[in-house]
Each structure stands twice: as C-alpha cells, then as structure tokens.
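Written below as structure tokens is the structure these notes are about.
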Amino acid sequence: MAPDTAQIKYLAGKADTDLDGHAFVSGLPAGKYWISSLGMDAASGDRRLLWDVAVIVQAGHTSQLNLSNINAIDARSLQP
C-alpha cells in the first residue's frame with residue numbers, strides 16, 4: 001500500500017538507470033526529497049537491496065546521490 005500511495009500522492013519524478021547505473025531527474029524545484037526504490041528490490045550478490053534515502057535539492061545546483069549497499073536496506077531483513 002505505501003508504494004502505491006507514494007507514487008500517487010508524493011511522486012516528484014521517476015527515472016530508470018542506464019547500463020552504467022546512472023539515472024537523472026531534471027526540473028525539480030529546490031527542496032527536500034526522498035530517493036526510493038518504492039518496494040522494488042535489487043539483487044546485489046546474495047542480498048536484495050532497497051533504498052529510501054533523503055536528498056536536498058538546492059536552486060541553481062546539481063545534486064548527486066550514490067546509491068550503494070552502504071545506504072541500502074537488505075529486503076530480507078524486513079521479512080518476519
């Protein structure tokens with residue numbers, strides 16, 4: 001339910017990565033945002049990673065965020 005609500009009510013932009021893992025979103029006004037995988041996990045070795053990471057966009061600047069296993073949550077740790 002949460003990913004559906006986030007996409008309907010709060011989605012500011014959406015991006016897919018290229019073959020090098022880069023994604024770009026342009027045209028966002030300055031403010032605080034969350035970069036999220038919205039419940040879809042990514043395989044990384046024997047882990048299944050999810051991201052929900054804060055980022056601040058400043059007017060007139062390019063913001064960069066590197067998603068890695070350091071700022072990810074292992075999806076398997078969320079299962080009861």
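Following the order of the structure tokens, first chain is A, next is B, and so on, with residues numbered from 1 inside each chain and ligands from 1 in the order they appear.
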
Sorted by chain and rising residue number, list the residues of range 47-71 of chain A at most 12 Å from range 6-21 of chain A (counting only C-alpha atoms), each with its closest atom pair and distance in Å to one decimal, as a tab-separated table.
residue	atom	partner	partner_atom	distance
A:Asp52	CA	A:Ala6	CA	11.8
A:Leu65	CA	A:Gly21	CA	11.8
A:Asn66	CA	A:Gly21	CA	9.7
A:Leu67	CA	A:Gly21	CA	9.4
A:Ser68	CA	A:Gly21	CA	10.6

For the residues in that selection, give me N, CA and C atoms as a short mmCIF file (atom, residue, chain, number, x, y, z; two decimals), in the first residue's frame.
data_model
loop_
_atom_site.label_atom_id
_atom_site.label_comp_id
_atom_site.auth_asym_id
_atom_site.auth_seq_id
_atom_site.Cartn_x
_atom_site.Cartn_y
_atom_site.Cartn_z
N ASP A 52 15.75 4.09 0.45
CA ASP A 52 14.87 5.16 0.88
C ASP A 52 15.78 6.20 1.51
N LEU A 65 23.58 11.81 -5.81
CA LEU A 65 23.41 10.82 -4.75
C LEU A 65 23.87 9.48 -5.29
N ASN A 66 24.76 8.82 -4.58
CA ASN A 66 25.22 7.49 -4.96
C ASN A 66 24.51 6.46 -4.11
N LEU A 67 23.76 5.60 -4.76
CA LEU A 67 23.09 4.50 -4.05
C LEU A 67 24.02 3.30 -4.04
N SER A 68 24.21 2.74 -2.86
CA SER A 68 25.11 1.59 -2.73
C SER A 68 24.59 0.70 -1.61
#

DSSP-assigned strand (DSSP E or B) among range 27-61 of chain A, expressed as a ChimeraX atom specification: /A:31-36,42-44,47-57

Only C-alpha atoms, please: the residues just picked out, written as a PDB file, in the first residue's frame.
ATOM      1  CA  GLY A  31      13.513  21.263  -1.596  1.00  0.00           C
ATOM      2  CA  LYS A  32      13.855  18.048   0.370  1.00  0.00           C
ATOM      3  CA  TYR A  33      13.189  14.782  -1.447  1.00  0.00           C
ATOM      4  CA  TRP A  34      13.456  11.028  -0.892  1.00  0.00           C
ATOM      5  CA  ILE A  35      15.042   8.706  -3.411  1.00  0.00           C
ATOM      6  CA  SER A  36      13.228   5.409  -3.069  1.00  0.00           C
ATOM      7  CA  ALA A  42      17.724  -5.026  -6.499  1.00  0.00           C
ATOM      8  CA  ALA A  43      19.991  -8.070  -6.422  1.00  0.00           C
ATOM      9  CA  SER A  44      23.490  -7.493  -5.090  1.00  0.00           C
ATOM     10  CA  ARG A  47      21.405  -9.565  -0.823  1.00  0.00           C
ATOM     11  CA  ARG A  48      18.175  -7.932  -2.015  1.00  0.00           C
ATOM     12  CA  LEU A  49      18.581  -4.163  -1.576  1.00  0.00           C
ATOM     13  CA  LEU A  50      16.006  -1.393  -1.093  1.00  0.00           C
ATOM     14  CA  TRP A  51      16.650   2.351  -0.917  1.00  0.00           C
ATOM     15  CA  ASP A  52      14.867   5.156   0.878  1.00  0.00           C
ATOM     16  CA  VAL A  53      17.433   7.967   1.075  1.00  0.00           C
ATOM     17  CA  ALA A  54      16.970  11.700   1.729  1.00  0.00           C
ATOM     18  CA  VAL A  55      18.429  14.296  -0.640  1.00  0.00           C
ATOM     19  CA  ILE A  56      18.258  18.099  -0.653  1.00  0.00           C
ATOM     20  CA  VAL A  57      17.990  19.873  -3.998  1.00  0.00           C
TER      21      VAL A  57
END

If you run DSSP on the backbone here, which positions in chain A get alpha helix (DSSP H)? Please write them as a ChimeraX atom specification. /A:2-5

Within 12 Å of Asp46 in chain A using only C-alpha atoms, minus same-chain residues under 4 positions, as a ChimeraX atom specification: /A:42,69,74-76
